[in-house]
file entry.cif (mmCIF, C-alpha atoms)
data_structure
loop_
_atom_site.label_atom_id
_atom_site.label_comp_id
_atom_site.auth_asym_id
_atom_site.auth_seq_id
_atom_site.Cartn_x
_atom_site.Cartn_y
_atom_site.Cartn_z
CA MET A 1 23.85 -43.88 -7.54
CA SER A 2 25.69 -41.75 -5.02
CA LEU A 3 25.02 -38.08 -4.48
CA GLN A 4 27.55 -35.32 -4.01
CA VAL A 5 26.07 -32.64 -1.77
CA LEU A 6 27.29 -29.40 -0.20
CA ASP A 7 27.90 -28.29 3.37
CA PRO A 8 25.21 -25.77 4.38
CA THR A 9 27.05 -24.42 7.42
CA TYR A 10 29.28 -21.43 7.88
CA ASP A 11 32.91 -21.88 6.93
CA GLU A 12 34.61 -21.31 10.27
CA ASP A 13 37.93 -20.62 8.58
CA ALA A 14 36.45 -17.38 7.36
CA THR A 15 35.68 -16.10 10.86
CA ILE A 16 37.27 -12.70 11.28
CA LEU A 17 37.12 -12.74 15.07
CA ALA A 18 40.16 -13.81 17.08
CA LEU A 19 40.29 -14.66 20.78
CA ALA A 20 42.09 -12.17 23.00
CA ASP A 21 45.08 -13.32 24.99
CA ARG A 22 44.10 -14.88 28.32
CA PRO A 23 45.78 -13.58 31.52
CA SER A 24 47.44 -16.29 33.59
CA THR A 25 46.12 -14.70 36.80
CA LEU A 26 43.54 -12.09 37.74
CA ALA A 27 45.57 -10.80 40.70
CA ASP A 28 46.09 -7.01 40.64
CA LEU A 29 44.27 -6.67 37.34
CA THR A 30 41.28 -4.52 36.35
CA VAL A 31 38.28 -6.57 35.25
CA GLY A 32 35.27 -5.11 33.47
CA ILE A 33 31.80 -6.56 33.70
CA VAL A 34 29.42 -5.64 30.88
CA SER A 35 25.86 -6.39 31.89
CA ASN A 36 22.99 -6.63 29.46
CA GLY A 37 21.00 -4.62 32.01
CA LYS A 38 18.34 -7.11 32.98
CA HIS A 39 17.30 -7.22 36.63
CA GLY A 40 18.66 -10.70 37.23
CA THR A 41 22.19 -9.57 36.49
CA GLN A 42 22.35 -7.20 39.46
CA PRO A 43 22.65 -9.68 42.35
CA PHE A 44 24.64 -12.08 40.19
CA PHE A 45 27.30 -9.58 39.23
CA ALA A 46 27.40 -8.15 42.75
CA ALA A 47 28.29 -11.62 43.98
CA LEU A 48 30.76 -12.13 41.17
CA ASP A 49 32.41 -8.80 41.99
CA LYS A 50 32.97 -10.06 45.56
CA VAL A 51 34.43 -13.34 44.34
CA LEU A 52 36.77 -11.59 41.93
CA ARG A 53 38.12 -9.27 44.62
CA GLU A 54 38.25 -11.63 47.59
CA ASP A 55 39.18 -14.93 45.95
CA HIS A 56 41.18 -13.80 42.96
CA GLY A 57 42.81 -10.60 44.18
CA VAL A 58 41.39 -8.43 41.42
CA ALA A 59 42.45 -4.83 41.94
CA ALA A 60 39.38 -3.18 40.44
CA VAL A 61 36.06 -4.31 39.02
CA VAL A 62 34.38 -1.90 36.60
CA HIS A 63 30.66 -2.33 36.03
CA VAL A 64 29.10 -1.17 32.75
CA THR A 65 25.55 -1.70 31.51
CA LYS A 66 24.63 -1.84 27.83
CA SER A 67 22.08 0.69 26.59
CA ASN A 68 20.16 -2.03 24.73
CA TYR A 69 20.22 -5.53 26.14
CA SER A 70 19.51 -7.09 22.75
CA ALA A 71 22.18 -5.27 20.78
CA PRO A 72 25.97 -5.36 20.74
CA ALA A 73 27.69 -3.11 23.27
CA ASP A 74 27.96 0.54 22.32
CA ALA A 75 31.23 1.80 20.84
CA GLU A 76 31.94 3.82 23.99
CA VAL A 77 31.78 0.65 26.06
CA MET A 78 34.22 -1.10 23.75
CA ASP A 79 36.54 1.92 23.87
CA HIS A 80 36.37 1.88 27.65
CA ALA A 81 37.15 -1.84 27.63
CA GLN A 82 40.58 -1.13 26.14
CA GLN A 83 41.62 0.03 29.62
CA TRP A 84 40.73 -3.29 31.27
CA HIS A 85 42.84 -6.43 31.47
CA ALA A 86 39.87 -8.73 31.20
CA LEU A 87 36.16 -8.45 30.41
CA ILE A 88 33.18 -10.52 31.47
CA ALA A 89 30.21 -10.12 29.17
CA GLY A 90 27.18 -11.28 31.05
CA VAL A 91 23.86 -12.41 29.69
CA GLY A 92 21.18 -12.45 32.33
CA ASP A 93 17.42 -12.62 32.32
CA MET B 1 35.18 -26.44 -20.22
CA SER B 2 32.33 -25.47 -17.93
CA ASN B 3 31.60 -21.83 -17.19
CA ALA B 4 29.70 -22.78 -14.04
CA PRO B 5 30.77 -20.72 -11.01
CA VAL B 6 33.15 -22.44 -8.63
CA LEU B 7 31.48 -23.50 -5.41
CA THR B 8 33.86 -23.65 -2.49
CA SER B 9 31.73 -25.35 0.17
CA ARG B 10 32.87 -28.71 1.49
CA ARG B 11 31.37 -31.65 -0.41
CA PHE B 12 30.08 -34.98 0.83
CA GLU B 13 29.74 -38.11 -1.26
CA LEU B 14 26.72 -40.01 0.09
CA ALA B 15 25.14 -43.26 -1.00
CA ASP B 16 21.62 -42.05 -1.84
CA GLY B 17 18.81 -39.68 -0.92
CA MET B 18 18.10 -41.38 2.40
CA ALA B 19 21.75 -41.20 3.35
CA VAL B 20 21.64 -37.47 2.65
CA GLN B 21 18.68 -37.09 5.02
CA GLU B 22 20.44 -38.90 7.84
CA HIS B 23 23.73 -37.10 7.25
CA TYR B 24 22.07 -33.69 7.53
CA HIS B 25 19.60 -34.54 10.30
CA SER B 26 22.27 -36.11 12.48
CA ARG B 27 24.39 -32.97 12.32
CA GLY B 28 21.53 -30.66 13.29
CA TRP B 29 21.45 -29.05 9.85
CA THR B 30 17.69 -29.36 9.32
CA ASP B 31 14.50 -28.26 11.06
CA GLY B 32 13.49 -31.89 11.48
CA LEU B 33 11.71 -32.11 8.14
CA PRO B 34 13.23 -33.83 5.11
CA ILE B 35 15.44 -31.68 2.91
CA VAL B 36 16.19 -31.54 -0.78
CA PRO B 37 19.79 -32.68 -1.36
CA PRO B 38 21.84 -29.54 -2.12
CA THR B 39 23.80 -30.73 -5.12
CA GLY B 40 26.20 -28.47 -6.94
CA ASP B 41 23.91 -28.29 -9.95
CA ALA B 42 20.89 -27.27 -7.89
CA VAL B 43 22.82 -24.60 -6.01
CA THR B 44 24.38 -23.26 -9.19
CA ALA B 45 20.95 -23.04 -10.81
CA GLY B 46 19.71 -20.77 -8.02
CA LEU B 47 22.77 -18.55 -8.18
CA GLU B 48 22.53 -18.25 -11.94
CA TRP B 49 18.82 -17.42 -11.80
CA ALA B 50 19.61 -14.56 -9.43
CA GLY B 51 22.69 -13.54 -11.41
CA LEU B 52 24.88 -13.78 -8.33
CA PRO B 53 28.41 -15.20 -8.06
CA PRO B 54 28.90 -17.69 -5.22
CA ASP B 55 31.03 -15.27 -3.23
CA HIS B 56 28.54 -12.41 -3.49
CA LEU B 57 28.28 -10.79 -0.07
CA VAL B 58 24.68 -10.90 1.06
CA GLY B 59 25.54 -9.17 4.32
CA ILE B 60 27.51 -9.37 7.54
CA GLU B 61 26.03 -10.43 10.85
CA PRO B 62 27.61 -7.91 13.23
CA VAL B 63 27.72 -9.90 16.47
CA LEU B 64 29.32 -13.09 15.18
CA GLN B 65 31.08 -11.06 12.48
CA ARG B 66 30.08 -13.53 9.84
CA ALA B 67 30.07 -12.69 6.17
CA ILE B 68 27.08 -14.40 4.58
CA THR B 69 27.65 -15.37 0.96
CA ALA B 70 25.18 -16.15 -1.79
CA GLU B 71 26.56 -19.70 -2.12
CA LYS B 72 25.71 -20.59 1.46
CA VAL B 73 22.28 -19.00 1.25
CA ALA B 74 21.63 -20.91 -1.97
CA ILE B 75 22.60 -24.23 -0.39
CA ASN B 76 20.09 -23.67 2.39
CA ALA B 77 17.42 -22.50 -0.05
CA VAL B 78 17.77 -25.70 -2.07
CA MET B 79 17.52 -27.74 1.13
CA ALA B 80 14.29 -25.89 2.01
CA GLY B 81 12.77 -26.95 -1.30
CA CYS B 82 13.22 -23.69 -3.17
CA LEU B 83 13.33 -23.65 -6.95
CA PRO B 84 15.92 -21.44 -8.67
CA ALA B 85 13.26 -18.79 -9.30
CA HIS B 86 12.61 -18.56 -5.55
CA PHE B 87 16.21 -17.74 -4.75
CA PRO B 88 16.13 -13.95 -5.39
CA VAL B 89 13.35 -13.65 -2.81
CA VAL B 90 15.35 -15.64 -0.27
CA VAL B 91 18.48 -13.54 -0.85
CA THR B 92 16.46 -10.37 -0.41
CA ALA B 93 14.89 -11.65 2.78
CA VAL B 94 18.29 -12.48 4.25
CA THR B 95 19.63 -9.09 3.16
CA ALA B 96 16.74 -7.40 4.97
CA MET B 97 17.34 -9.46 8.11
CA LEU B 98 21.01 -8.49 8.13
CA ALA B 99 20.20 -4.78 7.95
CA GLU B 100 21.10 -3.08 11.23
CA PRO B 101 17.57 -1.97 12.25
CA PHE B 102 16.39 -5.57 12.20
CA LEU B 103 18.73 -6.44 15.11
CA LEU B 104 18.98 -10.05 13.95
CA GLN B 105 21.08 -11.43 16.79
CA GLY B 106 18.86 -9.97 19.49
CA ALA B 107 15.64 -11.04 17.82
CA THR B 108 16.68 -14.60 17.10
CA ALA B 109 18.47 -15.23 20.40
CA SER B 110 15.72 -13.94 22.66
CA THR B 111 13.81 -16.07 25.10
CA GLY B 112 10.81 -14.17 23.69
CA GLY B 113 10.71 -16.63 20.84
CA CYS B 114 9.85 -14.73 17.68
CA GLY B 115 9.98 -15.94 14.10
CA VAL B 116 10.91 -13.96 11.01
CA LEU B 117 7.75 -12.95 9.16
CA LEU B 118 8.28 -12.25 5.46
CA ILE B 119 5.75 -10.17 3.53
CA VAL B 120 6.27 -10.50 -0.22
CA ASN B 121 4.99 -7.86 -2.64
CA GLY B 122 5.05 -7.06 -6.31
CA PRO B 123 5.05 -8.96 -9.60
CA VAL B 124 7.36 -11.65 -8.26
CA ARG B 125 4.42 -13.13 -6.32
CA LEU B 126 2.58 -13.93 -9.51
CA GLU B 127 5.70 -15.22 -11.26
CA LEU B 128 6.26 -17.68 -8.41
CA GLY B 129 2.63 -18.63 -7.84
CA MET B 130 2.55 -17.18 -4.34
CA ASP B 131 -1.04 -17.14 -3.14
CA GLY B 132 -2.22 -14.54 -0.66
CA THR B 133 -5.78 -15.78 -0.54
CA PHE B 134 -6.82 -19.11 1.02
CA SER B 135 -4.89 -19.99 4.18
CA ALA B 136 -2.60 -17.07 3.50
CA LEU B 137 -0.73 -17.39 6.79
CA GLY B 138 0.11 -21.06 6.60
CA ALA B 139 0.92 -23.65 3.93
CA SER B 140 -0.74 -21.63 1.17
CA ASP B 141 1.53 -22.75 -1.64
CA ARG B 142 4.94 -24.17 -2.51
CA ALA B 143 6.90 -20.95 -3.02
CA THR B 144 5.59 -19.22 0.08
CA THR B 145 6.28 -22.18 2.32
CA CYS B 146 9.73 -22.95 0.92
CA ILE B 147 10.93 -19.34 0.97
CA GLY B 148 9.90 -19.00 4.59
CA ARG B 149 11.61 -22.26 5.45
CA ALA B 150 14.82 -21.23 3.69
CA VAL B 151 15.20 -18.27 6.03
CA ARG B 152 14.99 -20.56 9.04
CA LEU B 153 17.62 -22.93 7.67
CA VAL B 154 19.91 -19.98 6.93
CA LEU B 155 19.59 -18.82 10.53
CA GLY B 156 20.40 -22.26 11.89
CA ASN B 157 23.21 -23.23 9.59
CA LEU B 158 24.97 -19.93 9.06
CA LEU B 159 24.32 -18.11 12.34
CA GLU B 160 23.93 -20.98 14.84
CA VAL B 161 20.35 -19.97 15.59
CA ARG B 162 19.36 -23.45 16.68
CA PRO B 163 17.20 -24.28 19.69
CA GLY B 164 19.44 -24.34 22.75
CA GLY B 165 22.26 -22.73 20.78
CA ILE B 166 21.92 -19.06 19.99
CA ASP B 167 18.16 -19.56 19.83
CA ARG B 168 17.21 -19.34 23.52
CA ALA B 169 13.45 -19.19 22.91
CA THR B 170 11.40 -20.47 25.80
CA LEU B 171 8.53 -21.53 23.54
CA GLY B 172 8.93 -20.21 20.02
CA HIS B 173 5.97 -20.70 17.71
CA PRO B 174 5.08 -22.69 14.57
CA GLY B 175 5.97 -19.73 12.34
CA LYS B 176 9.60 -20.39 13.09
CA ILE B 177 9.43 -23.26 10.60
CA SER B 178 8.12 -21.02 7.84
CA TYR B 179 6.46 -17.62 8.20
CA CYS B 180 5.78 -15.99 4.88
CA VAL B 181 2.78 -14.29 3.31
CA ALA B 182 2.25 -12.86 -0.16
CA GLU B 183 -0.03 -9.83 -0.08
CA ASP B 184 -3.20 -10.21 -2.16
CA GLU B 185 -2.62 -7.14 -4.30
CA GLU B 186 -5.07 -8.23 -7.00
CA HIS B 187 -8.19 -7.94 -4.86
CA THR B 188 -7.71 -4.58 -3.19
CA PRO B 189 -7.43 -0.95 -4.21
CA TRP B 190 -4.90 -0.42 -1.43
CA PRO B 191 -1.22 0.11 -2.16
CA SER B 192 0.94 -2.80 -1.11
CA VAL B 193 3.09 -2.82 2.01
CA ALA B 194 6.18 -2.44 -0.20
CA GLU B 195 4.70 0.41 -2.21
CA GLU B 196 3.86 2.32 0.95
CA ARG B 197 7.30 1.75 2.45
CA LEU B 198 9.42 2.17 -0.70
CA GLY B 199 7.25 4.53 -2.74
CA ASP B 200 7.34 2.41 -5.88
CA PRO B 201 4.07 0.84 -7.11
CA HIS B 202 5.84 -1.63 -9.40
CA VAL B 203 8.53 -2.93 -7.10
CA SER B 204 8.91 -6.52 -6.00
CA ALA B 205 10.11 -6.52 -2.44
CA VAL B 206 10.35 -8.42 0.82
CA THR B 207 9.56 -7.03 4.25
CA ALA B 208 11.12 -8.87 7.18
CA MET B 209 9.65 -8.46 10.64
CA ALA B 210 10.62 -10.12 13.92
CA ALA B 211 7.20 -11.40 14.80
CA LEU B 212 5.21 -13.45 17.23
CA ALA B 213 2.53 -15.90 16.18
CA PRO B 214 -0.63 -14.52 14.57
CA ARG B 215 -3.49 -13.77 16.96
CA GLN B 216 -6.65 -14.52 15.04
CA LEU B 217 -9.87 -12.59 15.59
CA MET B 218 -13.38 -12.46 14.12
CA ASN B 219 -15.98 -9.76 13.65
CA GLU B 220 -18.54 -10.35 10.94
CA TRP B 221 -21.39 -8.61 12.72
CA THR B 222 -20.73 -5.08 11.56
CA THR B 223 -19.92 -3.16 8.41
CA GLU B 224 -18.52 -0.15 10.24
CA PRO B 225 -14.75 0.28 9.82
CA GLU B 226 -14.42 1.67 13.33
CA GLU B 227 -16.09 -1.34 14.91
CA ILE B 228 -14.03 -3.78 12.86
CA LEU B 229 -10.85 -2.01 13.91
CA ASP B 230 -11.97 -1.98 17.53
CA THR B 231 -11.68 -5.77 17.42
CA PHE B 232 -8.13 -5.52 16.05
CA VAL B 233 -7.31 -2.91 18.69
CA ALA B 234 -8.67 -5.16 21.45
CA GLU B 235 -6.37 -7.93 20.26
CA ILE B 236 -3.38 -5.60 20.20
CA LYS B 237 -4.20 -4.39 23.71
CA ALA B 238 -4.50 -7.98 24.88
CA ASN B 239 -1.01 -8.64 23.54
CA MET B 240 0.26 -5.55 25.33
CA THR B 241 -1.03 -6.79 28.66
CA HIS B 242 -0.39 -10.51 28.22
CA TYR B 243 2.96 -10.38 26.42
CA SER B 244 4.78 -7.07 25.98
CA ILE B 245 3.72 -3.51 26.67
CA TRP B 246 6.45 -2.00 24.53
CA PRO B 247 5.66 -0.27 21.23
CA GLY B 248 6.90 -1.51 17.88
CA ASN B 249 5.88 -2.79 14.48
CA TYR B 250 2.55 -4.57 14.51
CA ALA B 251 1.07 -6.19 11.41
CA VAL B 252 -2.64 -6.59 10.84
CA VAL B 253 -3.87 -9.01 8.20
CA VAL B 254 -7.20 -8.04 6.67
CA PRO B 255 -9.07 -10.52 4.46
CA PRO B 256 -11.56 -9.63 1.70
CA GLN B 257 -14.76 -9.92 3.74
CA LEU B 258 -13.56 -7.20 6.06
CA ARG B 259 -11.75 -5.24 3.36
CA GLN B 260 -15.00 -4.73 1.46
CA HIS B 261 -16.33 -2.65 4.33
CA PHE B 262 -13.24 -0.43 4.39
CA ASP B 263 -13.45 -0.07 0.61
CA ALA B 264 -17.14 0.84 0.75
CA ALA B 265 -16.43 3.48 3.36
CA GLY B 266 -13.42 4.81 1.47
CA TRP B 267 -10.91 3.89 4.15
CA SER B 268 -7.26 3.73 3.12
CA LYS B 269 -4.45 1.88 4.84
CA ALA B 270 -3.34 5.23 6.23
CA ASP B 271 -6.78 5.75 7.76
CA ILE B 272 -6.50 2.35 9.45
CA ARG B 273 -3.03 3.12 10.76
CA HIS B 274 -4.13 6.41 12.30
CA TYR B 275 -7.23 4.86 13.90
CA VAL B 276 -5.22 2.05 15.45
CA PHE B 277 -2.42 4.39 16.53
CA GLU B 278 -4.85 6.55 18.48
CA ARG B 279 -6.69 3.69 20.18
CA ALA B 280 -4.24 0.87 20.76
CA ARG B 281 -3.09 2.13 24.13
CA ILE B 282 -3.20 0.77 27.63
CA HIS B 283 -2.30 2.01 31.06
CA ARG B 284 0.28 0.27 33.14
CA ARG B 285 -2.40 -0.47 35.72
CA ASP B 286 -4.06 -2.74 33.13
CA TRP B 287 -1.35 -5.25 33.88
CA ALA B 288 -3.11 -5.89 37.16
CA THR B 289 -6.08 -7.33 35.26
CA CYS B 290 -4.05 -10.32 34.14
CA GLY B 291 -1.99 -11.18 37.18
CA LYS B 292 0.86 -8.72 36.65
CA GLY B 293 -0.05 -6.29 39.41
CA ALA B 294 3.40 -6.71 40.92
CA VAL B 295 5.00 -4.68 38.12
CA VAL B 296 2.48 -1.84 38.03
CA GLY B 297 4.24 0.01 40.85
CA ARG B 298 3.55 3.72 41.12
CA LYS B 299 3.29 4.14 37.35
CA GLY B 300 -0.26 2.84 37.03
CA ASP B 301 -1.51 5.95 35.24
CA ASP B 302 1.27 5.92 32.65
CA GLU B 303 -0.10 5.37 29.17
CA TYR B 304 1.61 3.12 26.65
CA ALA B 305 0.90 3.13 22.91
CA ALA B 306 1.27 0.00 20.80
CA LEU B 307 2.74 2.01 17.95
CA PRO B 308 5.50 4.63 18.23
CA ASP B 309 3.77 6.28 15.27
CA PRO B 310 1.11 5.24 12.72
CA ASP B 311 3.68 4.06 10.19
CA HIS B 312 4.76 1.27 12.52
CA LEU B 313 1.56 -0.58 11.61
CA LEU B 314 1.88 -2.87 8.59
CA VAL B 315 -1.54 -3.34 7.00
CA VAL B 316 -1.55 -6.51 4.88
CA ALA B 317 -4.36 -7.47 2.50
CA ALA B 318 -4.49 -11.25 2.54
CA GLY B 319 -6.84 -14.12 3.17
CA GLY B 320 -9.50 -16.28 1.55
CA PRO B 321 -12.67 -14.73 0.11
CA ALA B 322 -15.07 -15.78 2.87
CA GLY B 323 -14.91 -15.20 6.58
CA GLY B 324 -14.91 -12.13 8.77
CA PHE B 325 -11.61 -13.02 10.31
CA GLY B 326 -8.43 -11.08 10.73
CA ALA B 327 -5.11 -11.38 12.45
CA VAL B 328 -2.84 -9.26 14.57
CA ILE B 329 0.83 -10.15 14.36
CA PRO B 330 2.70 -8.60 17.28
CA PRO B 331 6.33 -7.60 17.27
CA TRP B 332 9.07 -9.31 19.18
CA LEU B 333 9.49 -7.18 22.30
CA GLY B 334 8.60 -3.74 21.00
CA HIS B 335 10.81 -1.54 18.90
CA ARG B 336 14.18 -3.17 19.48
CA SER B 337 13.85 -4.79 16.08
CA ARG B 338 12.33 -2.80 13.24
CA ALA B 339 10.67 -4.20 10.13
CA VAL B 340 12.91 -3.80 7.09
CA THR B 341 11.64 -3.65 3.49
CA MET B 342 14.13 -4.46 0.75
CA PRO B 343 13.52 -4.38 -3.01
CA ILE B 344 14.35 -7.60 -4.83
CA GLY B 345 17.43 -7.18 -6.96
CA ALA B 346 19.03 -4.48 -4.84
CA CYS B 347 22.72 -4.97 -4.20
CA VAL B 348 24.25 -3.77 -0.95
CA ASP B 349 27.91 -4.00 -1.95
CA CYS B 350 27.97 -3.01 -5.62
#
call {"tool": "encode", "arguments": {"input": "entry.cif", "output": "structure tokens"}}
result
Amino acid sequence: MSLQVLDPTYDEDATILALADRPSTLADLTVGIVSNGKHGTQPFFAALDKVLREDHGVAAVVHVTKSNYSAPADAEVMDHAQQWHALIAGVGD
Amino acid sequence: MSNAPVLTSRRFELADGMAVQEHYHSRGWTDGLPIVPPTGDAVTAGLEWAGLPPDHLVGIEPVLQRAITAEKVAINAVMAGCLPAHFPVVVTAVTAMLAEPFLLQGATASTGGCGVLLIVNGPVRLELGMDGTFSALGASDRATTCIGRAVRLVLGNLLEVRPGGIDRATLGHPGKISYCVAEDEEHTPWPSVAEERLGDPHVSAVTAMAALAPRQLMNEWTTEPEEILDTFVAEIKANMTHYSIWPGNYAVVVPPQLRQHFDAAGWSKADIRHYVFERARIHRRDWATCGKGAVVGRKGDDEYAALPDPDHLLVVAAGGPAGGFGAVIPPWLGHRSRAVTMPIGACVDC
């Protein structure tokens, strides 16, 4: 006899997050980098900063560090992010 | 016409029980162990026992912005082997984990590899046959094991906390399969963990704590409370040097053979908390004793306490009648996640 069983996973259709629009180029834009604050992020994001400016023509790179590396970014960070054209949220260890 | 609540989850028509196992295993929806097929009837029975509609909002996970409904929790609880009567405990545990102080995303994503320890208190333990005596910390009975497992399946299936997915644990520990203990309230004069944290001696409740594996200890060569606690303190200090120096919720599990000495000396849980708070401290220089001298720096004389305050210690009466053992259960990385105690039957959105 067959069994009818139910899907235990989250119903993705109910997700209330939506992806932000993607810029077609990074040239002359302001890009924010939100670090989780762990030591390993420092040299990585320093190198990424260089790549963004020199290879992609980014006008400004803004570095922000979360107050708690395990928690979502503080509201002030998210408010600040409204002024950027793009954001890189980095997880480092 | 049926009055059964309408379940909205996608349905699969599968040939038999074995086909169900393969369907769920192959999609990564299990912990590797066999599951109970989550049929509509079984899921509805759990919801009806708890008096919850399928779309009842258990909570919202803030990072993924996911609304967790009772229907989805019930499906996972059935899969874990839970009976309908177990479901209110599972819902309460998930509610506690979704409370902001628990910091669910951080705790379950961390390379630090914690599990979610559930401490169950109150009359519900007896109703469900939860046994806080023999082998209290592992495979003690059906309800305890299945309730702990349900939480893990919820994390995996509803919040993507699967190894290599959101779960980035380097090692993890066996408690991640099921980590649940019912306090042995019948064999102690002490108030339960829930009574101390909620102030109600009659409440059934669940405490959720982001926790590492238990570190077992033994001292059956003294009757002095201070000496017994010195062994617990030594274990906590070892964790602070070997794993994490940061303060947070620790749990200590005290079985009857040791509890009798505290009872004879008139020691309360509060007395234990204060003793441990004062003594579970190390200096940063102690890191050098276990190969971590490189991070001592110029702060060697700085003192670190295991507990931000005495109330961060959860004292749990549990264990079989014989044996001078005990256990220290350390927190996941200090105070970033805080233990949350939730009464069973509380509703967060009504």
call {"tool": "closest_residue", "arguments": {"input": "entry.cif", "among": "A:Val77, A:Val31, A:Leu87, A:Ala71", "to": "chain B", "atoms": "only C-alpha atoms"}}
result
A:Ala71
call {"tool": "resolve_selection", "arguments": {"input": "entry.cif", "expression": "the PyMOL selection byres ((chain A) within 6 of (chain B))", "output": "NGL selection string"}}
result
:A and (2-10 or 70-71)
call {"tool": "resolve_selection", "arguments": {"input": "entry.cif", "expression": "the PyMOL selection byres ((chain A and resi 67) around 12)", "output": "NGL selection string"}}
result
(:A and (34-38 or 64-66 or 68-77)) or (:B and (336))
call {"tool": "atom_distance", "arguments": {"input": "entry.cif", "atom1": "CA of Arg149 (chain B)", "atom2": "CA of Pro53 (chain B)"}}
result
22.7 Å
call {"tool": "residues_around", "arguments": {"input": "entry.cif", "residues": "region 45-51 of chain A", "least_positions_apart": "5", "cutoff": "8 Å", "atoms": "only C-alpha atoms", "output": "list in words"}}
result
Ile33, His56 and Val61 of chain A
call {"tool": "axis_aligned_box", "arguments": {"input": "entry.cif", "around": "region 125-133 of chain B", "padding_each_side": "8 Å", "output": "lines of an AutoDock Vina configuration file"}}
result
center_x = 0.2
center_y = -15.9
center_z = -5.9
size_x = 28.0
size_y = 21.5
size_z = 26.7
call {"tool": "residues_around", "arguments": {"input": "entry.cif", "residues": "Gly266 (chain B)", "least_positions_apart": "4", "cutoff": "12 Å", "atoms": "only C-alpha atoms", "output": "MDAnalysis selection string"}}
result
chainID B and resid 188:190 224:225 259:262 270:272
call {"tool": "atom_distance", "arguments": {"input": "entry.cif", "atom1": "CA of Gly138 (chain B)", "atom2": "CA of Gly122 (chain B)"}}
result
19.7 Å
call {"tool": "resolve_selection", "arguments": {"input": "entry.cif", "expression": "the PyMOL selection byres ((chain A and resi 58) around 6)", "output": "list in words"}}
result
Leu26, Ala27, Asp28, Leu29, Leu52, Arg53, His56, Gly57, Ala59 and Ala60 of chain A
call {"tool": "atom_distance", "arguments": {"input": "entry.cif", "atom1": "CA of Pro54 (chain B)", "atom2": "CA of Ala4 (chain B)"}}
result
10.2 Å
call {"tool": "residues_around", "arguments": {"input": "entry.cif", "residues": "His86 (chain B)", "least_positions_apart": "5", "cutoff": "8 Å", "atoms": "all atoms listed in the file", "output": "list in words"}}
result
Gly46, Leu128, Ala143 and Ile147 of chain B
call {"tool": "residues_around", "arguments": {"input": "entry.cif", "residues": "Asp21 (chain A)", "least_positions_apart": "4", "cutoff": "12 Å", "atoms": "all atoms listed in the file", "output": "PyMOL selection string"}}
result
chain A and resi 25+85-87
call {"tool": "closest_residue", "arguments": {"input": "entry.cif", "among": "B:Ala280, B:Ala182, B:Leu258, B:Leu307", "to": "Gly324 (chain B)", "atoms": "all atoms listed in the file"}}
result
B:Leu258
